[in-house]
Every structure is written in C-alpha cells, then in structure tokens.
Amino acid sequence: MRFKRFMNSFCLALALMSLFLFSHAVSAQELKTVRFAYSAISTSYLPLWIGTEAKISQAYGIRPEMIYISGGSTIMQALVSGEIEVAYSGGLAATSVAASGAKVKGVFGMHNVLPYRFFIRKELRGKVKGPEGLKGLKGAVSRRGSESEVAFLQILKKAGLSDRDMTILQVGGSGERLAALQSGAVDVIGLVPPVDLTTEKLGFPILLDLGRENIPWVHTVVAMNQDWMRQQPALAEAVVKSAIEATYFGVKNKDFTKKVLAKYARIKDDDVQEYGYEVFARLYARDFLPSEKGFEATVEMLAPRQPAAAKLTSSDLVDSSIVKKLAQSGFVAEMKRKYGVKD
C-alpha cells in the first residue's frame with residue numbers, strides 16, 4: 001500500500017513537472033488573458049479549475065481569469081456583452097440568448113444529463129412521497145431561466161404538473177438554497193454534486209434523484225461568442241485543448257482533483273470530496289461533444305416561454321468543429337494515452 005501511494009505521488013510529480021516544463025517553454029511568448037466564468041459550484045466545472053491549478057491552461061498560452069457568476073442567464077448576458085470570453089454554464093441559458101439573436105454556441109460538452117437530487121424539509125419526511133407532492137410547495141432556484149429551474153420543470157413535468165402548481169423563488173447559489181431549506185424559508189431544493197451529498201449527510205430527505213432518469217440534456221457546456229471565435233481561432237482551440245487535457249489529468253490524479261474540489265467548493269469532508277471525484281469521472285462526456293439531443297430538449301423546454309426558440313436547430317446552437325478537429329488530428333487519443341485513461 002505504501003509503495004502504491006509512493007508510485008501515485010511519483011507519477012503525479014512527473015505529470016506536474018512535464019506541465020511545468022511545457023508552460024516554461026511557452027513563457028517566452030506572452031500569455032493571452034481569457035476571462036472564464038462559471039455559474040455554479042459543481043463537479044462539472046472541474047476542468048476549468050484543474051486547468052488553472054495544474055497550469056494546463058498556461059501551458060497552452062492562456063492566462064485564465066475566473067469569475068463566479070450565479071445563474072446561467074446572467075453568465076450568458078456577460079458572454080454576449082463581451083465581459084467574458086468563455087462561459088461554463090447550462091444549455092438552456094445558451095439556447096435562450098441564441099433565440100434572442102446572440103451569436104453564442106456550445107463548443108465543448110461536459111455533462112449531458114441533469115445530475116440533480118432534490119431534498120425536502122425534514123418536517124415533510126413521509127408527507128411528500130414523490131414529484132406529485134410538490135403541488136403547493138415552495139422551491140428555491142438560483143435564478144429564473146437557470147439550470148436549477150430546469151431541473152424543477154423536469155420533475156414537475158414528470159408528475160403532470162407545471163411551474164404554476166408551486167411557488168419557485170430566486171434565492172441564489174447552492175449555499176443560499178441550502179440555507180433557505182435549513183431555515184424553512186422553502187420546502188424543496190435541487191442540488192448537484194458534490195453539495196448534494198453534504199445536504200444528504202445533514203439528514204434532509206431525498207425526494208428524487210433526477211440524474212438516474214437519464215433525461216437528455218446539456219447540464220454543462222463550454223460556450224463561446226462566435227465573433228470571438230472567428231477573431232481568435234488559435235486561442236479558442238487552446239481553450240478546448242486545455243479543457244480536454246484537464247479532464248483526463250483530473251480523472252488520472254484523484255488526490256489532486258479532490259484538493260481542487262476542496263478549494264473551489266470549500267469542502268473539507270473527505271467523503272464529499274471522494275463522491276465529487278467519482279461523479280466527475282463517471283459523468284464527463286466521453287466524446288467531449290455538446291449533446292445535440294440535449295440542446296433539442298432545451299428548445300422544447302424554452303419554446304412556450306420564448307417562441308423564437310422553436311425555430312432554432314442544433315446547428316444554431318452547437319459548433320463542434322474544434323472538438324472534431326482535435327479528435328481527427330489524434331490530439332484526444334494522445335491525451336488519453338498520456339494519462340492512461342480508459343473509458
């Protein structure tokens with residue numbers, strides 16, 4: 001066991017050293033600043049965090065500036081306005097701004113399911129036994145139009161209900177939603193890994209695990225403004241390369257990934273860190289492509305509220321050219337071999 005730990009540490013040291021040498025090689029050229037934003041504290045944003053902490057982004061000539069912006073709708077507004085260049089967010093928000101005429105597309109897929117688990121107040125244990133029991137209750141989301149609201153709409157649809165059958169409040173990020181549940185301000189919340197395990201360990205009853213329903217969706221996508229992609233094609237490609245390598249690096253180096261998760265999600269519990277790593281390694285999109293079926297589902301969900309969305313096709317929402325180019329060139333296979341990752 002001690003030898004195995006030594007070898008794991010040795011291999012991690014070698015990987016970090018190689019990344020350092022590579023980044024030193026590109027240090028002669030000026031790193032270009034790219035402003036990234038992410039919309040939630042979730043394991044699906046690990047490639048961004050790992051890429052920064054392991055200096056992978058820097059190795060590809062990127063100086064990352066990371067910004068946390070709660071809610072997918074707000075983060076997309078920042079992308080459209082040019083406040084940021086790259087958004088890690090949900091597919092519904094990207095579809096919404098595209099329906100408004102914005103030149104925003106998903107270029108890299110991370111999670112193509114909705115890994116939400118729903119929790120109810122402890123006082124409701126045994127009283128609310130399924131999605132149909134949501135009628136008349138108060139739920140919390142980050143913002144209207146966000147992925148957290150989408151998750152609610154999915155379980156309401158499953159029960160034959162709509163958002164008119166319950167009160168949905170805009171509360172904020174996962175921490176604020178958990179606080180609202182603890183205080184009794186709301187009756188039910190939906191959370192993604194790893195915060196959902198923290199909530200379970202606090203004793204809140206699980207109403208439904210939406211992730212096990214395997215509903216096609218775009219939970220996390222890397223979105224870019226098409227104008228920026230045309231102006232900075234090499235930089236856009238470097239962003240995707242960094243995300244791919246960071247994903248494989250994170251899968252290979254569990255201890256490093258857990259430390260990154262602890263830092264950004266502020267999680268000290270080793271069980272929750274372990275769970276977060278497991279979900280990340282299990283759910284990442286193996287082909288890194290944004291899900292076209294998932295985006296079609298976002299159109300269906302959005303069209304009743306935003307009729308212009310009904311006219312959108314997958315080609316209006318997805319630009320998979322960079323990922324496909326990197327797959328065809330052998331880059332993806334090369335990274336997979338480098339880190340010894342097997343599907």
# chains A, B, ... in the order shown; residues from 1 in each chain; ligands from 1
$ select_by_dssp --residues "stretch 27-91 of chain A" --states "alpha helix (DSSP H)" --output "list of chain:residue names"
A:Leu46, A:Pro47, A:Leu48, A:Trp49, A:Ile50, A:Gly51, A:Thr52, A:Glu53, A:Ile56, A:Ser57, A:Gln58, A:Ala59, A:Gly72, A:Ser73, A:Thr74, A:Ile75, A:Met76, A:Gln77, A:Ala78, A:Leu79, A:Val80, A:Ser81, A:Gly91
$ write_last_selection --atoms "C-alpha atoms" --output "short mmCIF file (atom, residue, chain, number, x, y, z; two decimals), in the first residue's frame"
data_model
loop_
_atom_site.label_atom_id
_atom_site.label_comp_id
_atom_site.auth_asym_id
_atom_site.auth_seq_id
_atom_site.Cartn_x
_atom_site.Cartn_y
_atom_site.Cartn_z
CA LEU A 46 -13.56 20.83 -12.58
CA PRO A 47 -11.81 21.03 -16.00
CA LEU A 48 -11.72 24.81 -15.65
CA TRP A 49 -10.42 24.72 -12.07
CA ILE A 50 -7.94 21.90 -12.73
CA GLY A 51 -6.70 23.59 -15.89
CA THR A 52 -5.81 26.64 -13.81
CA GLU A 53 -4.40 24.90 -10.72
CA ILE A 56 -2.51 23.33 -18.04
CA SER A 57 -4.22 26.44 -19.36
CA GLN A 58 -0.97 28.34 -19.04
CA ALA A 59 0.83 25.60 -20.95
CA GLY A 72 -26.92 30.68 -16.31
CA SER A 73 -28.97 33.60 -17.64
CA THR A 74 -26.65 36.16 -16.03
CA ILE A 75 -23.49 34.43 -17.22
CA MET A 76 -24.79 34.40 -20.80
CA GLN A 77 -25.50 38.12 -20.64
CA ALA A 78 -21.86 38.61 -19.65
CA LEU A 79 -20.75 36.47 -22.61
CA VAL A 80 -22.90 38.38 -25.08
CA SER A 81 -21.74 41.76 -23.77
CA GLY A 91 -27.51 24.66 -22.15
#
$ select_by_dssp --residues "stretch 69-219 of chain A" --states "strand (DSSP E)" --output "PyMOL selection string"
chain A and resi 86-89+104-111+117-120+138-141+167-170+188-191+206-209
$ atom_distance --atom1 "atom CA of A:Arg144" --atom2 "atom CA of A:Leu169"
8.3 Å
$ residues_around --residues "A:Gln306" --least-positions-apart "2" --cutoff "9 Å" --atoms "only C-alpha atoms" --output "PDB file with C-alpha atoms, in the first residue's frame"
ATOM      1  CA  SER A  96     -32.226  31.465 -24.636  1.00  0.00           C
ATOM      2  CA  ALA A  99     -33.152  32.680 -29.543  1.00  0.00           C
ATOM      3  CA  SER A 100     -32.705  36.397 -28.882  1.00  0.00           C
ATOM      4  CA  LEU A 302     -37.908  27.083 -23.735  1.00  0.00           C
ATOM      5  CA  ALA A 303     -40.293  27.493 -26.683  1.00  0.00           C
ATOM      6  CA  PRO A 304     -43.510  28.030 -24.653  1.00  0.00           C
ATOM      7  CA  ALA A 308     -38.403  32.361 -31.163  1.00  0.00           C
ATOM      8  CA  ALA A 309     -36.589  29.349 -29.712  1.00  0.00           C
ATOM      9  CA  ALA A 310     -38.873  26.984 -31.633  1.00  0.00           C
TER      10      ALA A 310
END
$ residues_around --residues "stretch 195-209 of chain A" --least-positions-apart "4" --cutoff "10 Å" --atoms "only C-alpha atoms" --output "ChimeraX atom specification"
/A:41-43,114-126,128-131,133-134,155,174-175,178,181-182,188-191,213,265-267,269,271-273,275-276
$ write_last_selection --atoms "N, CA and C atoms" --output "CSV table (one decimal), in the first residue's frame"
chain,number,residue,atom,x,y,z
A,41,ILE,N,-21.3,26.0,-8.2
A,41,ILE,CA,-20.3,25.2,-7.6
A,41,ILE,C,-20.7,23.7,-7.9
A,42,SER,N,-20.0,23.1,-8.9
A,42,SER,CA,-20.4,21.8,-9.3
A,42,SER,C,-19.1,21.1,-9.8
A,43,THR,N,-19.2,19.7,-9.7
A,43,THR,CA,-18.1,18.9,-10.2
A,43,THR,C,-17.9,19.1,-11.7
A,114,LEU,N,-28.8,15.7,-16.3
A,114,LEU,CA,-29.1,16.6,-15.2
A,114,LEU,C,-28.9,15.9,-13.9
A,115,PRO,N,-27.7,16.0,-13.3
A,115,PRO,CA,-27.4,15.3,-12.1
A,115,PRO,C,-27.9,15.8,-10.8
A,116,TYR,N,-29.1,16.4,-10.8
A,116,TYR,CA,-29.7,17.0,-9.6
A,116,TYR,C,-30.4,16.0,-8.7
A,117,ARG,N,-30.2,16.2,-7.4
A,117,ARG,CA,-31.0,15.4,-6.4
A,117,ARG,C,-31.8,16.5,-5.7
A,118,PHE,N,-33.1,16.1,-5.4
A,118,PHE,CA,-34.0,17.0,-4.7
A,118,PHE,C,-34.2,16.6,-3.3
A,119,PHE,N,-34.2,17.6,-2.4
A,119,PHE,CA,-34.3,17.4,-1.0
A,119,PHE,C,-35.5,18.2,-0.4
A,120,ILE,N,-36.1,17.7,0.6
A,120,ILE,CA,-37.3,18.4,1.2
A,120,ILE,C,-36.9,18.7,2.7
A,121,ARG,N,-37.7,19.6,3.3
A,121,ARG,CA,-37.5,19.8,4.7
A,121,ARG,C,-37.8,18.6,5.5
A,122,LYS,N,-37.0,18.5,6.6
A,122,LYS,CA,-37.1,17.3,7.5
A,122,LYS,C,-38.6,17.1,8.0
A,123,GLU,N,-39.3,18.2,8.2
A,123,GLU,CA,-40.6,18.1,8.7
A,123,GLU,C,-41.6,17.5,7.7
A,124,LEU,N,-41.2,17.5,6.4
A,124,LEU,CA,-42.0,16.9,5.4
A,124,LEU,C,-41.7,15.4,5.1
A,125,ARG,N,-40.8,14.9,5.9
A,125,ARG,CA,-40.5,13.4,5.7
A,125,ARG,C,-41.7,12.6,5.9
A,126,GLY,N,-42.0,11.7,4.9
A,126,GLY,CA,-43.1,10.8,4.9
A,126,GLY,C,-44.4,11.5,4.4
A,128,VAL,N,-44.4,14.0,1.8
A,128,VAL,CA,-44.2,14.3,0.4
A,128,VAL,C,-43.4,13.1,-0.2
A,129,LYS,N,-44.1,12.2,-1.0
A,129,LYS,CA,-43.5,10.9,-1.3
A,129,LYS,C,-43.2,10.8,-2.8
A,130,GLY,N,-43.3,11.9,-3.6
A,130,GLY,CA,-43.0,11.9,-5.0
A,130,GLY,C,-43.1,13.2,-5.6
A,131,PRO,N,-42.8,13.4,-6.9
A,131,PRO,CA,-42.9,14.7,-7.6
A,131,PRO,C,-44.3,15.3,-7.5
A,133,GLY,N,-46.2,15.4,-5.1
A,133,GLY,CA,-46.4,16.0,-3.8
A,133,GLY,C,-45.8,17.4,-3.8
A,134,LEU,N,-45.2,17.9,-4.9
A,134,LEU,CA,-44.7,19.3,-4.9
A,134,LEU,C,-45.8,20.3,-5.0
A,155,ILE,N,-39.0,17.7,-13.1
A,155,ILE,CA,-39.7,16.8,-12.2
A,155,ILE,C,-41.2,17.1,-12.1
A,174,SER,N,-25.9,27.4,-4.6
A,174,SER,CA,-26.3,26.2,-3.8
A,174,SER,C,-26.2,26.5,-2.3
A,175,GLY,N,-25.2,27.3,-1.9
A,175,GLY,CA,-25.2,27.6,-0.5
A,175,GLY,C,-26.4,28.3,0.0
A,178,LEU,N,-29.4,25.9,0.2
A,178,LEU,CA,-29.3,25.0,1.3
A,178,LEU,C,-29.7,25.8,2.6
A,181,LEU,N,-33.4,26.1,2.8
A,181,LEU,CA,-34.1,24.9,3.2
A,181,LEU,C,-33.9,24.7,4.7
A,182,GLN,N,-32.7,24.9,5.2
A,182,GLN,CA,-32.4,24.8,6.7
A,182,GLN,C,-33.3,25.7,7.5
A,188,VAL,N,-38.4,22.7,-0.7
A,188,VAL,CA,-37.6,21.8,-1.5
A,188,VAL,C,-36.6,22.5,-2.4
A,189,ILE,N,-35.4,21.9,-2.5
A,189,ILE,CA,-34.4,22.4,-3.4
A,189,ILE,C,-33.8,21.3,-4.2
A,190,GLY,N,-33.2,21.6,-5.3
A,190,GLY,CA,-32.4,20.7,-6.1
A,190,GLY,C,-30.9,21.1,-6.1
A,191,LEU,N,-30.0,20.1,-5.9
A,191,LEU,CA,-28.6,20.4,-5.8
A,191,LEU,C,-27.8,19.4,-6.7
A,213,GLU,N,-32.6,9.4,-14.1
A,213,GLU,CA,-33.7,9.3,-15.1
A,213,GLU,C,-33.1,9.3,-16.5
A,265,ALA,N,-14.9,24.4,-4.0
A,265,ALA,CA,-16.2,24.2,-3.5
A,265,ALA,C,-16.3,24.3,-1.9
A,266,ARG,N,-15.1,24.6,-1.4
A,266,ARG,CA,-14.9,24.8,0.1
A,266,ARG,C,-15.5,23.6,0.9
A,267,ILE,N,-15.0,22.4,0.4
A,267,ILE,CA,-15.5,21.2,1.1
A,267,ILE,C,-14.3,20.6,1.8
A,269,ASP,N,-14.9,17.8,4.0
A,269,ASP,CA,-15.3,16.4,4.3
A,269,ASP,C,-14.7,15.5,3.2
A,271,ASP,N,-15.3,12.4,2.5
A,271,ASP,CA,-16.3,11.6,1.8
A,271,ASP,C,-17.0,12.4,0.7
A,272,VAL,N,-17.2,13.7,0.9
A,272,VAL,CA,-17.8,14.5,-0.1
A,272,VAL,C,-16.9,14.8,-1.2
A,273,GLN,N,-15.6,15.0,-0.9
A,273,GLN,CA,-14.6,15.1,-2.0
A,273,GLN,C,-14.5,13.8,-2.8
A,275,TYR,N,-16.8,11.6,-3.3
A,275,TYR,CA,-18.0,11.5,-4.0
A,275,TYR,C,-18.0,12.4,-5.2
A,276,GLY,N,-17.5,13.6,-5.0
A,276,GLY,CA,-17.4,14.6,-6.1
A,276,GLY,C,-16.5,14.1,-7.2
$ closest_residue --among "A:Phe249, A:Phe256, A:Trp217, A:Trp228" --to "A:Val299" --atoms "only C-alpha atoms"
A:Trp217
$ residues_around --residues "A:Met301" --least-positions-apart "5" --cutoff "9 Å" --atoms "only C-alpha atoms" --output "NGL selection string"
:A and (92 or 150 or 153-154 or 296)
$ decode --residues "stretch 146-175 of chain A" --atoms "N, CA and C atoms" --output "short mmCIF file (atom, residue, chain, number, x, y, z; two decimals), in the first residue's frame"
data_model
loop_
_atom_site.label_atom_id
_atom_site.label_comp_id
_atom_site.auth_asym_id
_atom_site.auth_seq_id
_atom_site.Cartn_x
_atom_site.Cartn_y
_atom_site.Cartn_z
N SER A 146 -32.48 29.46 -15.11
CA SER A 146 -31.23 28.75 -14.81
C SER A 146 -31.43 27.24 -14.88
N GLU A 147 -30.32 26.50 -14.81
CA GLU A 147 -30.40 25.04 -14.82
C GLU A 147 -31.13 24.52 -13.59
N SER A 148 -31.01 25.20 -12.47
CA SER A 148 -31.70 24.75 -11.27
C SER A 148 -33.22 24.83 -11.46
N GLU A 149 -33.69 25.80 -12.24
CA GLU A 149 -35.12 25.86 -12.54
C GLU A 149 -35.51 24.77 -13.53
N VAL A 150 -34.63 24.50 -14.49
CA VAL A 150 -34.89 23.44 -15.47
C VAL A 150 -35.14 22.12 -14.75
N ALA A 151 -34.30 21.84 -13.76
CA ALA A 151 -34.45 20.59 -13.02
C ALA A 151 -35.83 20.50 -12.37
N PHE A 152 -36.28 21.62 -11.79
CA PHE A 152 -37.63 21.65 -11.21
C PHE A 152 -38.68 21.39 -12.29
N LEU A 153 -38.55 22.04 -13.43
CA LEU A 153 -39.53 21.88 -14.50
C LEU A 153 -39.60 20.44 -14.98
N GLN A 154 -38.44 19.76 -14.97
CA GLN A 154 -38.42 18.35 -15.39
C GLN A 154 -39.20 17.45 -14.44
N ILE A 155 -39.01 17.65 -13.14
CA ILE A 155 -39.73 16.77 -12.21
C ILE A 155 -41.21 17.14 -12.14
N LEU A 156 -41.53 18.42 -12.34
CA LEU A 156 -42.94 18.81 -12.40
C LEU A 156 -43.61 18.18 -13.61
N LYS A 157 -42.91 18.19 -14.73
CA LYS A 157 -43.42 17.56 -15.95
C LYS A 157 -43.64 16.08 -15.72
N LYS A 158 -42.72 15.45 -15.01
CA LYS A 158 -42.83 14.02 -14.71
C LYS A 158 -44.10 13.71 -13.92
N ALA A 159 -44.51 14.68 -13.09
CA ALA A 159 -45.70 14.48 -12.25
C ALA A 159 -46.97 15.03 -12.89
N GLY A 160 -46.85 15.54 -14.13
CA GLY A 160 -48.02 16.10 -14.79
C GLY A 160 -48.37 17.48 -14.27
N LEU A 161 -47.41 18.17 -13.68
CA LEU A 161 -47.62 19.50 -13.13
C LEU A 161 -46.83 20.53 -13.93
N SER A 162 -46.99 21.80 -13.57
CA SER A 162 -46.21 22.87 -14.19
C SER A 162 -45.73 23.82 -13.10
N ASP A 163 -44.95 24.84 -13.50
CA ASP A 163 -44.43 25.77 -12.50
C ASP A 163 -45.54 26.62 -11.88
N ARG A 164 -46.75 26.55 -12.45
CA ARG A 164 -47.88 27.27 -11.85
C ARG A 164 -48.43 26.54 -10.62
N ASP A 165 -48.02 25.29 -10.47
CA ASP A 165 -48.54 24.48 -9.36
C ASP A 165 -47.73 24.61 -8.08
N MET A 166 -46.63 25.36 -8.13
CA MET A 166 -45.84 25.60 -6.92
C MET A 166 -45.21 26.98 -6.99
N THR A 167 -44.69 27.43 -5.89
CA THR A 167 -44.01 28.73 -5.84
C THR A 167 -42.52 28.51 -5.99
N ILE A 168 -41.92 29.12 -7.00
CA ILE A 168 -40.48 28.99 -7.23
C ILE A 168 -39.83 30.34 -6.95
N LEU A 169 -38.90 30.34 -5.99
CA LEU A 169 -38.25 31.57 -5.56
C LEU A 169 -36.81 31.63 -6.05
N GLN A 170 -36.36 32.82 -6.47
CA GLN A 170 -34.96 33.04 -6.82
C GLN A 170 -34.19 33.32 -5.54
N VAL A 171 -33.26 32.42 -5.21
CA VAL A 171 -32.57 32.52 -3.92
C VAL A 171 -31.08 32.77 -4.10
N GLY A 172 -30.47 32.14 -5.10
CA GLY A 172 -29.03 32.28 -5.30
C GLY A 172 -28.37 30.92 -5.49
N GLY A 173 -27.07 30.86 -5.22
CA GLY A 173 -26.29 29.65 -5.42
C GLY A 173 -26.67 28.51 -4.49
N SER A 174 -25.92 27.41 -4.61
CA SER A 174 -26.25 26.21 -3.84
C SER A 174 -26.21 26.46 -2.34
N GLY A 175 -25.24 27.25 -1.88
CA GLY A 175 -25.15 27.56 -0.46
C GLY A 175 -26.37 28.31 0.05
#
